[in-house]
Structure formats: structure tokens, C-alpha cells
Amino acid sequence: MKLSAALDVDVVALESADELTVLVELVAPEAPSANRPPTALQVVLDRSGSMSGAPLDGAKKALAGVVAQLDPHDVFGVVTFDDTAQVALPASTLMDKQRAADAIRAIETGGCTDLSSGYLRGLQEIRRAGESAGIRGGTVLVISDGHINSGIRDVDEFAGITAKAGSKGIVTSTMGYGRGYDETLLSAISRAGNGNHVFADNPDAAGAAIAGEVDGLLSKSAQAATLTVRYDQRVQELALFNDLPAHQIGDGEVMIELGDLYALEERKLLLRMKVGSIAALGLTELATLQLRYVETASLVEHTVSLPVVVNVVPGDEPAGRVPDPKVYSERLYQEGQQDKLEASRAYEAGDIDGGTRRLARSRQKLEYAMQEARPEDRAAIADELAMLDRFGISAGALDSVYASKAMRASYHRTNRKRGRRH
């Protein structure tokens, strides 16, 4: 795994408080050259009445494609849920793909929406089958089109369950299908579960989203990745721009959960450090970054460390310093992402005017980010600006439900999994 860090400014004034922004970039290892190790995927599929017809047929078609794509030694299972959970396909290795395809084809719609019963049953299945096949961890993919009306509905309680599963190596990803699901709940449980959250508005988009999740799973080269930041007592405050699970694990020590990474995946994280006065001139180490991960091919744990160092100079010397454009642009970009999240929340609550104002602020921040960005980074920001314009048009046409869900999924890609290519 490659790990690098850059400061917006790397000189600070003697005996003066300051604020620094740290851009952390990492690149996952290449895929193993030999045959990849077996993986485990457990699908938890909403089969409530609202999934009847094209939505369920599209999901079943996509899952049949997953079966064809997986290796016979991979573990795969499907649990469905309406007001109760049912094991449609017991999790096991795919030695009999026809049996798996037939089980998926036989799924029919039911009644209400109790996601928690389906998710908990799915966890049981992937743990049982994974242990039997000697597979460490795995992925649970939740597919739902509705607001939860039975079982666990509290966001924090549900997120606590997926976080606990994540601590055991089981990643939880979610796909919101159509325009009736609860984007707050689904995005929160994927965040806590170190997974991905995507929005699919129709069967074709759902098929593409499911296929993309499986592509990432099959090319996974690192798992259980964490970034621990150990910071000096002179760092009075440490904040993370990315909306990732972070835990204070000791005095001056924060651990950020990164989850799994696919081959050569790039990630960007942004930290803000408020620094108190430093009484000595010269190079000063303010923090140490420690990246830990398990290489998927060998299951060997690796550790990579990197110091964060500033140069303390006399008080008048930093007066003309110019922030690193790459780091400054990333900060503006992430501030724009936060405004986009607030716009999504406003649209979700039916506040179209408030959402439109926040969307305009997001666009302004991204325009500033574009001005500061390196030429090679401008195309991605231009794409993001065009997407914001489409969101604004959708919301202005009174389709704020679509805008809210599309923005929540976009926020996941551009903030939580910044740099992720799918």
C-alpha cells in the first residue's frame, strides 16, 4: 500500500497558534497475480409488496448475473425479507450454480418491510458459511426500496449493529432502489459498516450498481484497513473532513476505519489540525500516520507509518506563505461536499428552498476548488459541477425526492470514499 501526506503549509511561526490541513493519499496494492482467494457475499433482498414487478425482476436478473460471475469456491447466499426474514438461498460455495439460479428465480414479493430481521439473518448466514469455507470476513449487500415500517428503525441502533459486524471483518453495503427508500438509514448503516451506498432509480441502474459492487469485491486487494493518527500534545484539535467512522482510542490517538479496498484503488482523506504555540525553532513532528491493513491474497497484516512534520521559523517568515494548491483545492472540494449533504437533507425534509440555497453554496465552493486545482484534477471537478446542475434542475422540477437520494449517493462517493472509481 502506498501512503503519502501533504500539508497546505509546512512552515509555522514560532510561538503562534495555527491551523493546518493535511491531505492523506493512499493507493491499494495490485491484485494478486495468481488465482484470487475465495470471497463471501451475502445478499439481503427486500421482497416487500412495493418491489412487485419490474423492481424485483430487475434485482433477480442482476443476482443471476452475480452467480455467473462468482467462482465455484466463493460463498454466496440470499436472504429475503418482508415482515419476516426468509433464507431463499442458504449461503454456501457455488458448486451448483443452477441450484442457486433456480432459488433466485423462485423469489416472490411479500408484505411489509422489516430490514433488521433480514439483515440479522444474513449476518448469521455469512458467518456460518464463511467459517465453514475458511473465509475471513465478507460483504453483506442490502437491497431495499422502502421505508422501514417494522423491526429496528432507529438509525443509531441499526448503525451500531453494522459497526459491530464491521469490527469482525464483515462489510455492509447498501443499495437504495427507486424513490421510496430511507436514504438517511441506508447511508448510515453503510457508513458504520465500512461499505458503499448507491442509489438505483430503475432496474437497469440497479443491475449496474450490483455488478459494480461485485466487481469491487472480486478485485479486493486489502481488507480491514485503518488509519491511526497519533498526534502531539501541541495539536489541540484534530478533525476529519471525510464522513468515516473514527474512534478516539487513546490520549492523542484517533483510528479511522477505511474498510476494504480493491486493487489499485485510490483514496483521499483530509485532516484539520489546530496547533498551539511551538516554543522551539526547526523541524517538529506533530503527528504520525499509521496505516494497517490485511493483504487479501496472503492474509498477512501490513503496517505503513509516515510522520507529519512542520518547520517552525521566526514569526515574520511565514507571512508570505502560499498554501499548496492541491491541498487547498481538496479542502474547498470537501467543504462543497458538506454543503451538498446539507442540501440532500433539506430536500429529504421537503425544504426545496433551503436545499437550493445549500446546493448553490456547494457549487460556489467547487468553482473555487476548480480554480485552485491542478490541471489533471479539473475534469473530475467539472463533472461534479455538471452533476450539481442536474440535481438543481431535478429539485426545481419538484422532484426533490430524486435529488435527495442521488445527492446522498454522490456524497458517499465523493466524501466517504473520495477517489474511489466505482
# chains A, B, ... in the order shown; residues from 1 in each chain; ligands from 1

call {"tool": "residues_around", "arguments": {"residues": "Asn35 of chain A", "least_positions_apart": "3", "cutoff": "12 Å", "atoms": "only C-alpha atoms", "output": "PyMOL selection string"}}
result
chain A and resi 31-32+38-39+71+73+218-219+296-298

call {"tool": "closest_residue", "arguments": {"among": "A:Gln334, A:Ser117, A:Gln290, A:Ser362", "to": "Val304 of chain A", "atoms": "only C-alpha atoms"}}
result
A:Gln290

call {"tool": "closest_residue", "arguments": {"among": "A:Glu108, A:Glu125, A:Glu285, A:Asp389", "to": "Phe76 of chain A", "atoms": "only C-alpha atoms"}}
result
A:Glu125

call {"tool": "select_by_dssp", "arguments": {"residues": "segment 143-178 of chain A", "states": "alpha helix (DSSP H)", "output": "PyMOL selection string"}}
result
chain A and resi 155-167

call {"tool": "write_last_selection", "arguments": {"atoms": "N, CA, C and O atoms", "output": "PDB file, in the first residue's frame"}}
result
ATOM      1  N   VAL A 155     -31.863   4.854  13.588  1.00  0.00           N
ATOM      2  CA  VAL A 155     -30.649   4.910  12.777  1.00  0.00           C
ATOM      3  C   VAL A 155     -29.423   4.515  13.584  1.00  0.00           C
ATOM      4  O   VAL A 155     -28.606   3.701  13.152  1.00  0.00           O
ATOM      5  N   ASP A 156     -29.269   5.095  14.773  1.00  0.00           N
ATOM      6  CA  ASP A 156     -28.073   4.824  15.577  1.00  0.00           C
ATOM      7  C   ASP A 156     -28.025   3.364  16.032  1.00  0.00           C
ATOM      8  O   ASP A 156     -26.945   2.753  16.062  1.00  0.00           O
ATOM      9  N   GLU A 157     -29.170   2.797  16.390  1.00  0.00           N
ATOM     10  CA  GLU A 157     -29.201   1.405  16.831  1.00  0.00           C
ATOM     11  C   GLU A 157     -28.799   0.474  15.689  1.00  0.00           C
ATOM     12  O   GLU A 157     -27.988  -0.439  15.868  1.00  0.00           O
ATOM     13  N   PHE A 158     -29.332   0.732  14.503  1.00  0.00           N
ATOM     14  CA  PHE A 158     -29.002  -0.111  13.355  1.00  0.00           C
ATOM     15  C   PHE A 158     -27.532   0.063  12.977  1.00  0.00           C
ATOM     16  O   PHE A 158     -26.820  -0.900  12.680  1.00  0.00           O
ATOM     17  N   ALA A 159     -27.057   1.312  12.990  1.00  0.00           N
ATOM     18  CA  ALA A 159     -25.651   1.566  12.660  1.00  0.00           C
ATOM     19  C   ALA A 159     -24.722   0.869  13.643  1.00  0.00           C
ATOM     20  O   ALA A 159     -23.639   0.405  13.277  1.00  0.00           O
ATOM     21  N   GLY A 160     -25.136   0.770  14.891  1.00  0.00           N
ATOM     22  CA  GLY A 160     -24.326   0.065  15.882  1.00  0.00           C
ATOM     23  C   GLY A 160     -24.165  -1.410  15.546  1.00  0.00           C
ATOM     24  O   GLY A 160     -23.094  -1.993  15.762  1.00  0.00           O
ATOM     25  N   ILE A 161     -25.208  -2.008  14.983  1.00  0.00           N
ATOM     26  CA  ILE A 161     -25.142  -3.419  14.596  1.00  0.00           C
ATOM     27  C   ILE A 161     -24.172  -3.611  13.430  1.00  0.00           C
ATOM     28  O   ILE A 161     -23.334  -4.521  13.438  1.00  0.00           O
ATOM     29  N   THR A 162     -24.252  -2.730  12.416  1.00  0.00           N
ATOM     30  CA  THR A 162     -23.350  -2.884  11.268  1.00  0.00           C
ATOM     31  C   THR A 162     -21.911  -2.544  11.648  1.00  0.00           C
ATOM     32  O   THR A 162     -20.972  -3.129  11.103  1.00  0.00           O
ATOM     33  N   ALA A 163     -21.736  -1.606  12.593  1.00  0.00           N
ATOM     34  CA  ALA A 163     -20.377  -1.291  13.049  1.00  0.00           C
ATOM     35  C   ALA A 163     -19.753  -2.489  13.754  1.00  0.00           C
ATOM     36  O   ALA A 163     -18.563  -2.794  13.560  1.00  0.00           O
ATOM     37  N   LYS A 164     -20.541  -3.188  14.558  1.00  0.00           N
ATOM     38  CA  LYS A 164     -20.035  -4.373  15.253  1.00  0.00           C
ATOM     39  C   LYS A 164     -19.658  -5.457  14.247  1.00  0.00           C
ATOM     40  O   LYS A 164     -18.620  -6.119  14.381  1.00  0.00           O
ATOM     41  N   ALA A 165     -20.491  -5.633  13.213  1.00  0.00           N
ATOM     42  CA  ALA A 165     -20.156  -6.604  12.166  1.00  0.00           C
ATOM     43  C   ALA A 165     -18.872  -6.188  11.453  1.00  0.00           C
ATOM     44  O   ALA A 165     -18.020  -7.021  11.138  1.00  0.00           O
ATOM     45  N   GLY A 166     -18.724  -4.875  11.216  1.00  0.00           N
ATOM     46  CA  GLY A 166     -17.519  -4.377  10.551  1.00  0.00           C
ATOM     47  C   GLY A 166     -16.268  -4.657  11.348  1.00  0.00           C
ATOM     48  O   GLY A 166     -15.204  -4.944  10.777  1.00  0.00           O
ATOM     49  N   SER A 167     -16.377  -4.585  12.671  1.00  0.00           N
ATOM     50  CA  SER A 167     -15.212  -4.866  13.518  1.00  0.00           C
ATOM     51  C   SER A 167     -14.781  -6.326  13.425  1.00  0.00           C
ATOM     52  O   SER A 167     -13.651  -6.663  13.780  1.00  0.00           O
TER      53      SER A 167
END

call {"tool": "select_by_dssp", "arguments": {"residues": "segment 151-251 of chain A", "states": "strand (DSSP E)", "output": "number ranges by chain"}}
result
A: 170-177, 194-200, 220-231, 235-240, 246-250

call {"tool": "residues_around", "arguments": {"residues": "Ala91 of chain A", "least_positions_apart": "2", "cutoff": "12 Å", "atoms": "only C-alpha atoms", "output": "count of residues only"}}
result
36

call {"tool": "atom_distance", "arguments": {"atom1": "atom CA of Gly137 of chain A", "atom2": "atom CA of Gly216 of chain A"}}
result
15.1 Å

call {"tool": "closest_residue", "arguments": {"among": "A:Val401, A:Met51, A:Leu359, A:Ala209", "to": "Met387 of chain A", "atoms": "only C-alpha atoms"}}
result
A:Leu359

call {"tool": "residues_around", "arguments": {"residues": "Asp145 of chain A", "least_positions_apart": "4", "cutoff": "8 Å", "atoms": "only C-alpha atoms", "output": "number ranges by chain"}}
result
A: 46, 50-51, 176-181

call {"tool": "write_last_selection", "arguments": {"atoms": "N, CA, C and O atoms", "output": "mmCIF file, in the first residue's frame"}}
result
data_model
loop_
_atom_site.group_PDB
_atom_site.id
_atom_site.type_symbol
_atom_site.label_atom_id
_atom_site.label_comp_id
_atom_site.auth_asym_id
_atom_site.auth_seq_id
_atom_site.Cartn_x
_atom_site.Cartn_y
_atom_site.Cartn_z
ATOM 1 N N ASP A 46 -34.889 -6.996 -0.208
ATOM 2 C CA ASP A 46 -36.251 -6.573 0.119
ATOM 3 C C ASP A 46 -37.224 -7.213 -0.877
ATOM 4 O O ASP A 46 -37.074 -7.059 -2.089
ATOM 5 N N SER A 50 -43.986 -3.506 -2.384
ATOM 6 C CA SER A 50 -43.626 -2.431 -3.312
ATOM 7 C C SER A 50 -42.574 -2.853 -4.326
ATOM 8 O O SER A 50 -42.347 -2.162 -5.319
ATOM 9 N N MET A 51 -41.908 -3.994 -4.090
ATOM 10 C CA MET A 51 -40.901 -4.491 -5.035
ATOM 11 C C MET A 51 -41.530 -5.319 -6.161
ATOM 12 O O MET A 51 -40.822 -5.804 -7.047
ATOM 13 N N GLY A 176 -30.098 1.651 -2.406
ATOM 14 C CA GLY A 176 -31.457 2.151 -2.358
ATOM 15 C C GLY A 176 -32.080 2.048 -3.737
ATOM 16 O O GLY A 176 -31.553 2.584 -4.713
ATOM 17 N N TYR A 177 -33.200 1.366 -3.831
ATOM 18 C CA TYR A 177 -33.822 1.027 -5.117
ATOM 19 C C TYR A 177 -35.095 1.866 -5.283
ATOM 20 O O TYR A 177 -36.023 1.765 -4.479
ATOM 21 N N GLY A 178 -35.164 2.675 -6.336
ATOM 22 C CA GLY A 178 -36.346 3.506 -6.549
ATOM 23 C C GLY A 178 -36.314 4.750 -5.675
ATOM 24 O O GLY A 178 -35.270 5.139 -5.157
ATOM 25 N N ARG A 179 -37.461 5.391 -5.510
ATOM 26 C CA ARG A 179 -37.504 6.685 -4.818
ATOM 27 C C ARG A 179 -38.261 6.646 -3.494
ATOM 28 O O ARG A 179 -38.591 7.706 -2.931
ATOM 29 N N GLY A 180 -38.501 5.438 -2.972
ATOM 30 C CA GLY A 180 -39.275 5.356 -1.748
ATOM 31 C C GLY A 180 -38.492 4.947 -0.526
ATOM 32 O O GLY A 180 -39.037 4.883 0.572
ATOM 33 N N TYR A 181 -37.187 4.695 -0.663
ATOM 34 C CA TYR A 181 -36.428 4.177 0.481
ATOM 35 C C TYR A 181 -35.934 5.316 1.376
ATOM 36 O O TYR A 181 -35.964 6.494 1.013
#

call {"tool": "residues_around", "arguments": {"residues": "Pro245 of chain A", "least_positions_apart": "4", "cutoff": "9 Å", "atoms": "only C-alpha atoms", "output": "list in words"}}
result
Ala163, Arg191, Ala192, Gly193, Asn194, Met255, Ile256, Glu257 and Leu258 of chain A

call {"tool": "write_last_selection", "arguments": {"atoms": "N, CA and C atoms", "output": "tab-separated table (two decimals), in the first residue's frame"}}
result
chain	number	residue	atom	x	y	z
A	163	ALA	N	-21.74	-1.61	12.59
A	163	ALA	CA	-20.38	-1.29	13.05
A	163	ALA	C	-19.75	-2.49	13.75
A	191	ARG	N	-22.24	3.48	6.13
A	191	ARG	CA	-21.13	4.23	6.72
A	191	ARG	C	-20.55	3.48	7.90
A	192	ALA	N	-21.41	3.07	8.83
A	192	ALA	CA	-20.94	2.37	10.02
A	192	ALA	C	-20.35	1.01	9.67
A	193	GLY	N	-20.84	0.41	8.58
A	193	GLY	CA	-20.37	-0.90	8.18
A	193	GLY	C	-19.21	-0.89	7.21
A	194	ASN	N	-18.60	0.30	7.00
A	194	ASN	CA	-17.41	0.45	6.13
A	194	ASN	C	-17.68	0.08	4.67
A	255	MET	N	-8.34	6.49	15.52
A	255	MET	CA	-8.31	5.45	14.49
A	255	MET	C	-9.49	5.65	13.54
A	256	ILE	N	-9.18	5.74	12.24
A	256	ILE	CA	-10.17	5.94	11.19
A	256	ILE	C	-10.37	4.63	10.44
A	257	GLU	N	-11.61	4.20	10.31
A	257	GLU	CA	-11.93	2.95	9.62
A	257	GLU	C	-12.03	3.20	8.12
A	258	LEU	N	-11.25	2.47	7.34
A	258	LEU	CA	-11.26	2.60	5.89
A	258	LEU	C	-11.96	1.43	5.20

call {"tool": "atom_distance", "arguments": {"atom1": "atom CA of Val294 of chain A", "atom2": "atom CA of Glu265 of chain A"}}
result
14.9 Å

call {"tool": "residues_around", "arguments": {"residues": "Ile381 of chain A", "least_positions_apart": "6", "cutoff": "12 Å", "atoms": "only C-alpha atoms", "output": "ChimeraX atom specification"}}
result
/A:329-330,332-334,336-337,362-375,387-388,414,419
